[in-house]
Each structure stands twice: as structure tokens, then as C-alpha cells.
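This is upload-v6.pdb (PDB, C-alpha atoms, pLDDT in the B column).
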```
ATOM      1  CA  MET A   1     -55.233 -18.511 157.473  1.00 67.00           C
ATOM      2  CA  GLN A   2     -58.803 -17.631 158.388  1.00 79.00           C
ATOM      3  CA  MET A   3     -59.276 -16.462 161.979  1.00 91.00           C
ATOM      4  CA  LEU A   4     -62.103 -18.326 163.699  1.00 96.00           C
ATOM      5  CA  THR A   5     -64.481 -17.521 166.529  1.00 97.00           C
ATOM      6  CA  VAL A   6     -65.932 -20.420 168.490  1.00 98.00           C
ATOM      7  CA  MET A   7     -68.876 -20.240 170.896  1.00 98.00           C
ATOM      8  CA  VAL A   8     -69.549 -22.842 173.588  1.00 98.00           C
ATOM      9  CA  VAL A   9     -73.130 -22.942 174.910  1.00 98.00           C
ATOM     10  CA  ASP A  10     -73.887 -24.949 178.039  1.00 97.00           C
ATOM     11  CA  ASP A  11     -75.777 -24.257 181.265  1.00 96.00           C
ATOM     12  CA  ASP A  12     -72.868 -25.795 183.216  1.00 96.00           C
ATOM     13  CA  PRO A  13     -70.239 -23.069 183.828  1.00 97.00           C
ATOM     14  CA  LEU A  14     -67.543 -25.627 184.703  1.00 96.00           C
ATOM     15  CA  LEU A  15     -68.038 -27.449 181.400  1.00 96.00           C
ATOM     16  CA  CYS A  16     -67.851 -24.141 179.505  1.00 97.00           C
ATOM     17  CA  THR A  17     -64.562 -23.257 181.206  1.00 97.00           C
ATOM     18  CA  ALA A  18     -63.131 -26.720 180.549  1.00 96.00           C
ATOM     19  CA  MET A  19     -64.189 -26.597 176.887  1.00 97.00           C
ATOM     20  CA  ARG A  20     -62.616 -23.152 176.465  1.00 97.00           C
ATOM     21  CA  ARG A  21     -59.315 -24.416 177.913  1.00 97.00           C
ATOM     22  CA  LYS A  22     -59.376 -27.502 175.675  1.00 97.00           C
ATOM     23  CA  ILE A  23     -60.111 -25.418 172.574  1.00 97.00           C
ATOM     24  CA  GLU A  24     -57.279 -22.994 173.415  1.00 96.00           C
ATOM     25  CA  MET A  25     -54.886 -25.913 173.974  1.00 96.00           C
ATOM     26  CA  ILE A  26     -55.880 -27.523 170.665  1.00 96.00           C
ATOM     27  CA  ASP A  27     -55.433 -24.196 168.886  1.00 96.00           C
ATOM     28  CA  ARG A  28     -51.931 -23.728 170.325  1.00 94.00           C
ATOM     29  CA  GLU A  29     -50.902 -27.220 169.205  1.00 93.00           C
ATOM     30  CA  ASN A  30     -52.556 -27.162 165.772  1.00 90.00           C
ATOM     31  CA  GLN A  31     -52.461 -23.475 164.791  1.00 91.00           C
ATOM     32  CA  LEU A  32     -56.178 -23.463 163.889  1.00 92.00           C
ATOM     33  CA  GLY A  33     -56.398 -19.678 163.991  1.00 94.00           C
ATOM     34  CA  ILE A  34     -58.996 -19.447 166.749  1.00 96.00           C
ATOM     35  CA  GLN A  35     -59.028 -15.818 167.770  1.00 96.00           C
ATOM     36  CA  GLU A  36     -61.756 -16.047 170.401  1.00 96.00           C
ATOM     37  CA  THR A  37     -63.781 -18.617 172.321  1.00 98.00           C
ATOM     38  CA  LEU A  38     -67.051 -17.139 173.520  1.00 98.00           C
ATOM     39  CA  ILE A  39     -69.158 -18.625 176.317  1.00 98.00           C
ATOM     40  CA  ALA A  40     -72.947 -18.573 176.750  1.00 98.00           C
ATOM     41  CA  HIS A  41     -74.891 -20.334 179.510  1.00 98.00           C
ATOM     42  CA  SER A  42     -78.232 -20.535 177.665  1.00 97.00           C
ATOM     43  CA  ALA A  43     -79.597 -20.625 174.154  1.00 97.00           C
ATOM     44  CA  GLN A  44     -81.081 -17.161 174.673  1.00 97.00           C
ATOM     45  CA  GLU A  45     -77.723 -15.737 175.741  1.00 98.00           C
ATOM     46  CA  ALA A  46     -76.068 -17.403 172.730  1.00 98.00           C
ATOM     47  CA  TRP A  47     -78.675 -15.939 170.383  1.00 97.00           C
ATOM     48  CA  GLY A  48     -78.002 -12.456 171.788  1.00 97.00           C
ATOM     49  CA  ILE A  49     -74.261 -12.851 171.211  1.00 97.00           C
ATOM     50  CA  LEU A  50     -74.885 -14.083 167.651  1.00 96.00           C
ATOM     51  CA  GLN A  51     -76.765 -10.846 166.934  1.00 95.00           C
ATOM     52  CA  GLU A  52     -73.680  -8.838 167.853  1.00 95.00           C
ATOM     53  CA  LYS A  53     -70.654 -10.992 166.996  1.00 95.00           C
ATOM     54  CA  SER A  54     -69.592 -13.099 164.061  1.00 94.00           C
ATOM     55  CA  VAL A  55     -69.238 -16.760 165.066  1.00 97.00           C
ATOM     56  CA  ASP A  56     -67.816 -19.522 162.873  1.00 97.00           C
ATOM     57  CA  ILE A  57     -68.316 -22.602 165.064  1.00 98.00           C
ATOM     58  CA  LEU A  58     -71.026 -23.069 167.685  1.00 98.00           C
ATOM     59  CA  ILE A  59     -70.771 -25.987 170.139  1.00 98.00           C
ATOM     60  CA  SER A  60     -73.987 -26.350 172.142  1.00 97.00           C
ATOM     61  CA  ASP A  61     -75.339 -28.654 174.812  1.00 96.00           C
ATOM     62  CA  ILE A  62     -78.479 -30.425 173.647  1.00 93.00           C
ATOM     63  CA  ARG A  63     -80.424 -30.125 176.922  1.00 92.00           C
ATOM     64  CA  MET A  64     -80.684 -26.743 178.577  1.00 93.00           C
ATOM     65  CA  PRO A  65     -83.494 -24.994 180.475  1.00 92.00           C
ATOM     66  CA  TYR A  66     -86.016 -22.929 178.466  1.00 92.00           C
ATOM     67  CA  GLN A  67     -84.626 -23.716 175.010  1.00 94.00           C
ATOM     68  CA  THR A  68     -82.760 -26.804 173.823  1.00 91.00           C
ATOM     69  CA  GLY A  69     -79.574 -26.915 171.810  1.00 93.00           C
ATOM     70  CA  LEU A  70     -81.569 -28.409 168.928  1.00 92.00           C
ATOM     71  CA  GLU A  71     -83.938 -25.436 168.924  1.00 95.00           C
ATOM     72  CA  LEU A  72     -80.915 -23.148 168.923  1.00 96.00           C
ATOM     73  CA  ALA A  73     -79.343 -25.175 166.087  1.00 95.00           C
ATOM     74  CA  ASP A  74     -82.515 -24.836 164.008  1.00 94.00           C
ATOM     75  CA  LYS A  75     -82.600 -21.068 164.564  1.00 95.00           C
ATOM     76  CA  VAL A  76     -78.893 -20.673 163.809  1.00 95.00           C
ATOM     77  CA  ASN A  77     -79.046 -22.796 160.650  1.00 93.00           C
ATOM     78  CA  GLU A  78     -81.944 -20.710 159.388  1.00 92.00           C
ATOM     79  CA  ALA A  79     -80.484 -17.286 160.219  1.00 93.00           C
ATOM     80  CA  PHE A  80     -76.749 -18.033 159.895  1.00 94.00           C
ATOM     81  CA  PRO A  81     -76.311 -21.068 157.600  1.00 93.00           C
ATOM     82  CA  GLU A  82     -72.552 -20.464 157.390  1.00 93.00           C
ATOM     83  CA  ILE A  83     -72.068 -21.276 161.096  1.00 96.00           C
ATOM     84  CA  GLN A  84     -70.830 -24.796 161.824  1.00 97.00           C
ATOM     85  CA  VAL A  85     -73.028 -26.212 164.617  1.00 97.00           C
ATOM     86  CA  VAL A  86     -71.885 -29.069 166.856  1.00 97.00           C
ATOM     87  CA  ILE A  87     -74.105 -30.641 169.516  1.00 94.00           C
ATOM     88  CA  LEU A  88     -72.865 -31.809 172.935  1.00 94.00           C
ATOM     89  CA  SER A  89     -74.851 -34.367 174.879  1.00 91.00           C
ATOM     90  CA  GLY A  90     -74.605 -36.479 177.968  1.00 88.00           C
ATOM     91  CA  HIS A  91     -77.092 -38.886 176.378  1.00 79.00           C
ATOM     92  CA  ASP A  92     -76.084 -41.677 174.035  1.00 78.00           C
ATOM     93  CA  ASP A  93     -79.575 -41.734 172.563  1.00 76.00           C
ATOM     94  CA  TYR A  94     -80.265 -42.515 168.908  1.00 75.00           C
ATOM     95  CA  GLU A  95     -83.285 -40.175 168.776  1.00 81.00           C
ATOM     96  CA  TYR A  96     -81.198 -37.249 170.032  1.00 74.00           C
ATOM     97  CA  MET A  97     -78.543 -37.964 167.406  1.00 80.00           C
ATOM     98  CA  ARG A  98     -81.147 -38.320 164.676  1.00 83.00           C
ATOM     99  CA  SER A  99     -82.815 -35.039 165.668  1.00 80.00           C
ATOM    100  CA  ALA A 100     -79.442 -33.312 165.696  1.00 81.00           C
ATOM    101  CA  LEU A 101     -78.613 -34.538 162.202  1.00 79.00           C
ATOM    102  CA  ARG A 102     -82.016 -33.334 160.975  1.00 81.00           C
ATOM    103  CA  SER A 103     -81.166 -29.925 162.413  1.00 79.00           C
ATOM    104  CA  GLY A 104     -78.155 -29.749 160.093  1.00 84.00           C
ATOM    105  CA  VAL A 105     -75.451 -30.077 162.727  1.00 93.00           C
ATOM    106  CA  VAL A 106     -71.900 -30.960 161.701  1.00 94.00           C
ATOM    107  CA  ASP A 107     -71.278 -33.435 164.508  1.00 94.00           C
ATOM    108  CA  TYR A 108     -72.607 -34.862 167.777  1.00 92.00           C
ATOM    109  CA  LEU A 109     -70.228 -35.214 170.731  1.00 93.00           C
ATOM    110  CA  LEU A 110     -70.875 -37.226 173.887  1.00 93.00           C
ATOM    111  CA  LYS A 111     -69.868 -35.875 177.296  1.00 92.00           C
ATOM    112  CA  PRO A 112     -67.336 -36.163 178.738  1.00 92.00           C
ATOM    113  CA  VAL A 113     -65.638 -34.950 175.570  1.00 94.00           C
ATOM    114  CA  LYS A 114     -62.065 -36.037 174.986  1.00 95.00           C
ATOM    115  CA  LEU A 115     -59.444 -33.625 173.694  1.00 95.00           C
ATOM    116  CA  VAL A 116     -58.967 -35.635 170.503  1.00 96.00           C
ATOM    117  CA  GLN A 117     -62.711 -35.513 169.753  1.00 97.00           C
ATOM    118  CA  ILE A 118     -62.768 -31.727 170.070  1.00 97.00           C
ATOM    119  CA  GLN A 119     -59.693 -31.512 167.868  1.00 97.00           C
ATOM    120  CA  GLU A 120     -61.300 -33.706 165.187  1.00 97.00           C
ATOM    121  CA  VAL A 121     -64.524 -31.707 165.171  1.00 97.00           C
ATOM    122  CA  LEU A 122     -62.691 -28.350 165.058  1.00 97.00           C
ATOM    123  CA  LEU A 123     -60.563 -29.559 162.137  1.00 95.00           C
ATOM    124  CA  LYS A 124     -63.699 -30.829 160.383  1.00 96.00           C
ATOM    125  CA  CYS A 125     -65.466 -27.481 160.882  1.00 96.00           C
ATOM    126  CA  GLN A 126     -62.386 -25.569 159.728  1.00 95.00           C
ATOM    127  CA  GLU A 127     -62.239 -27.683 156.547  1.00 94.00           C
ATOM    128  CA  ASN A 128     -65.979 -27.181 155.909  1.00 94.00           C
ATOM    129  CA  LEU A 129     -65.541 -23.421 156.252  1.00 93.00           C
ATOM    130  CA  ARG A 130     -62.489 -23.473 153.948  1.00 90.00           C
ATOM    131  CA  ARG A 131     -64.426 -25.443 151.312  1.00 90.00           C
ATOM    132  CA  ARG A 132     -67.410 -23.093 151.495  1.00 86.00           C
ATOM    133  CA  LYS A 133     -65.144 -20.094 151.064  1.00 82.00           C
ATOM    134  CA  ALA A 134     -63.383 -21.706 148.082  1.00 80.00           C
ATOM    135  CA  GLN A 135     -66.754 -22.557 146.525  1.00 80.00           C
ATOM    136  CA  SER A 136     -67.933 -19.000 147.051  1.00 69.00           C
ATOM    137  CA  LEU A 137     -64.788 -17.666 145.352  1.00 65.00           C
ATOM    138  CA  ARG A 138     -65.240 -20.118 142.477  1.00 70.00           C
ATOM    139  CA  ASN A 139     -68.843 -19.005 142.044  1.00 69.00           C
ATOM    140  CA  GLY A 140     -67.674 -15.392 141.941  1.00 65.00           C
ATOM    141  CA  ASN A 141     -65.082 -16.253 139.255  1.00 63.00           C
ATOM    142  CA  ASP A 142     -67.744 -18.164 137.284  1.00 65.00           C
ATOM    143  CA  ARG A 143     -70.050 -15.172 137.460  1.00 67.00           C
ATOM    144  CA  GLU A 144     -67.265 -12.867 136.251  1.00 68.00           C
ATOM    145  CA  ALA A 145     -66.449 -15.184 133.320  1.00 70.00           C
ATOM    146  CA  LEU A 146     -70.133 -15.372 132.414  1.00 70.00           C
ATOM    147  CA  GLU A 147     -70.526 -11.596 132.568  1.00 72.00           C
ATOM    148  CA  ASN A 148     -67.470 -11.158 130.303  1.00 73.00           C
ATOM    149  CA  TRP A 149     -68.917 -13.649 127.817  1.00 72.00           C
ATOM    150  CA  LEU A 150     -72.319 -11.883 127.856  1.00 76.00           C
ATOM    151  CA  ASN A 151     -70.659  -8.490 127.408  1.00 74.00           C
ATOM    152  CA  GLY A 152     -68.927  -9.960 124.360  1.00 74.00           C
ATOM    153  CA  LEU A 153     -72.268 -11.151 122.982  1.00 77.00           C
ATOM    154  CA  LEU A 154     -73.763  -7.700 123.535  1.00 78.00           C
ATOM    155  CA  ALA A 155     -70.784  -6.219 121.658  1.00 74.00           C
ATOM    156  CA  GLY A 156     -71.510  -8.523 118.711  1.00 75.00           C
ATOM    157  CA  LYS A 157     -68.881 -11.193 119.372  1.00 72.00           C
ATOM    158  CA  THR A 158     -69.656 -14.884 119.138  1.00 65.00           C
ATOM    159  CA  GLY A 159     -68.382 -17.776 121.214  1.00 65.00           C
ATOM    160  CA  LYS A 160     -69.236 -20.551 123.573  1.00 66.00           C
ATOM    161  CA  PRO A 161     -70.154 -19.869 127.196  1.00 67.00           C
ATOM    162  CA  PRO A 162     -67.378 -20.368 129.757  1.00 67.00           C
ATOM    163  CA  VAL A 163     -66.574 -23.935 130.786  1.00 59.00           C
ATOM    164  CA  GLY A 164     -68.567 -25.184 133.758  1.00 57.00           C
ATOM    165  CA  ILE A 165     -71.414 -22.701 133.346  1.00 57.00           C
ATOM    166  CA  SER A 166     -74.787 -24.426 133.414  1.00 57.00           C
ATOM    167  CA  PRO A 167     -77.521 -23.537 130.910  1.00 55.00           C
ATOM    168  CA  SER A 168     -79.697 -22.251 133.765  1.00 57.00           C
ATOM    169  CA  GLY A 169     -76.833 -19.992 134.848  1.00 58.00           C
ATOM    170  CA  VAL A 170     -76.569 -18.610 131.320  1.00 60.00           C
ATOM    171  CA  LEU A 171     -80.327 -18.007 131.105  1.00 61.00           C
ATOM    172  CA  GLY A 172     -80.432 -16.323 134.516  1.00 61.00           C
ATOM    173  CA  CYS A 173     -77.536 -14.062 133.664  1.00 57.00           C
ATOM    174  CA  MET A 174     -79.025 -13.258 130.247  1.00 59.00           C
ATOM    175  CA  ALA A 175     -82.288 -12.246 131.922  1.00 59.00           C
ATOM    176  CA  PHE A 176     -80.329 -10.015 134.289  1.00 57.00           C
ATOM    177  CA  TRP A 177     -78.438  -8.388 131.425  1.00 55.00           C
ATOM    178  CA  ARG A 178     -81.602  -7.906 129.361  1.00 58.00           C
ATOM    179  CA  GLY A 179     -83.145  -6.044 132.294  1.00 56.00           C
ATOM    180  CA  ARG A 180     -79.949  -4.061 132.782  1.00 52.00           C
ATOM    181  CA  ARG A 181     -79.877  -3.011 129.127  1.00 48.00           C
ATOM    182  CA  ARG A 182     -83.429  -1.701 129.388  1.00 44.00           C
ATOM    183  CA  ARG A 183     -82.542   0.387 132.428  1.00 45.00           C
ATOM    184  CA  PHE A 184     -79.273   1.692 130.970  1.00 44.00           C
ATOM    185  CA  PRO A 185     -79.797   2.166 127.232  1.00 45.00           C
ATOM    186  CA  GLY A 186     -76.804   2.898 125.289  1.00 42.00           C
TER     187      GLY A 186
END
```

Taking this structure as input, can you express it in the form of C-alpha cells?
Amino acid sequence: MQMLTVMVVDDDPLLCTAMRRKIEMIDRENQLGIQETLIAHSAQEAWGILQEKSVDILISDIRMPYQTGLELADKVNEAFPEIQVVILSGHDDYEYMRSALRSGVVDYLLKPVKLVQIQEVLLKCQENLRRRKAQSLRNGNDREALENWLNGLLAGKTGKPPVGISPSGVLGCMAFWRGRRRRFPG
């Protein structure tokens, strides 16, 4: 099971404490593997923590002084696209939701947040992270199969490319190997 780090970002310290307790309770009941729940009281503080710690799930208030949760989400999605971002809001406003979705967030939760809603969003984020990891492993296996096939071609063997390898993948890998052969003659 993958160990997860969650960060809650809100300018309300009481909400942060309540969210941390709810996340810990959900983790105990569901064995999500949450090793740490970090707290930040501003987008700037959250950004500083992200520079030093690895975070898997970020849950941020949408409206905070100086920098909004949407601005933070945009920055995070650009710099750390693997992080699952969830927006919290006290506003049931379509434009806020629409802006959040454009920022690439996973979900949008309305305050006050119920335990079951947090549980659903954490499970959703966990599944997204699991799928991304599986896809990454599959891509690594595809690359290895393609490299083996290309090595065979270089050794004079014939055969079809591995199943599931796109023509563009073959061409890209062939270009890589051509360049590699020039650098390492032999």
C-alpha cells in the first residue's frame, strides 16, 4: 500500500484542525495509508511546504487572503502535476466550481464538509494516484519491450514491434537508438 501525505490549506485554524481529525479518523477506519496530514494557513505557506515535502493530496480553501486556492491549484498543477488537488469552498457558486475545474482540480467540496464527503474524495484521489502509478509502470514495461525489440533489430533479427506500441513510439525510440549508436560505435 502506498503511504500518502495530505495537506490541508485554509486560513481558518479551527477548520484545519477539524479537517485533520476527520482525515485521521477516515484513515483509521479505511486503512488509506495516510502517513501525515500537513496544515498550512495560506497559499504561500503551502507553497513553501511543497518545496520541502512530498505531498500526494492537497485540499485547499478557495478564498484566502493574498492568494486564492485557485491560484495555488494552478501553480501546483504546473509544478507538481502528480498532486491531487481538491478545493474547499463556503460558496455554492457555479463560477467558482467552473474555475476550479479549469484549474484541473479533482473535486470541489462545500463547507461544512461531511465526513463521508472527505472519505469519498480521499478514496477518489487514492485511486487516481494508484492508476497513475500503474500507467507509469506499464509505460516503463512498454519502453523495455521496445528497447529489446530494437536491440534485436540492431543485432540483425527480424520481427514485429511489441503489442501496444504505437508507430510514433517506435519512431521516437528508433531515433534515440540511432543517436546512441553514433555516440557509442561498436

| task | Counting all atoms listed in the file, figure out which residue out of A:Ser103, A:Met25, A:Gln84, A:Leu38 gets nearest to Lys124 of chain A. | result |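 Closest to Lys124 of chain A of all the choices is A:Gln84.
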
| Can you tell me, as a VMD selection string, what residues are no more than 8 Å from Met64 of chain A when counting only C-alpha atoms, ignoring any on the same chain fewer than 3 positions away? | chain A and resid 10 to 11 42 to 43 61 67 to 69

| said: Around the point (-65.5, -33.2, 166.6) (coordinates from the file), which residues reach within 12 Å if we count all atoms listed in the file? Answer as JSON, numbers by chain. | reply: {"A": [23, 26, 57, 58, 59, 84, 85, 86, 87, 88, 105, 106, 107, 108, 109, 110, 111, 113, 114, 115, 116, 117, 118, 119, 120, 121, 122, 123, 124, 125, 126, 127]}

Is it possible to get the axis-aligned box enclosing segment 5-9 of chain A (all listed atoms, 8 Å extra per side) as lines of an AutoDock Vina configuration file, with centre and edge lengths in Å rounded to one decimal?
```
center_x = -68.8
center_y = -20.2
center_z = 170.7
size_x = 24.6
size_y = 21.4
size_z = 24.4
```

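If you measure from each of A:Leu150, A:Lys53, A:Leu101, A:Leu4 to Leu70 of chain A using only C-alpha atoms, the closest one turns out to be A:Leu101.
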
| In Å to one decimal, how far is atom CA of Tyr94 of chain A from atom CA of Met7 of chain A? |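 So the two atoms, atom CA of Met7 of chain A and atom CA of Tyr94 of chain A, lie 25.1 Å apart.
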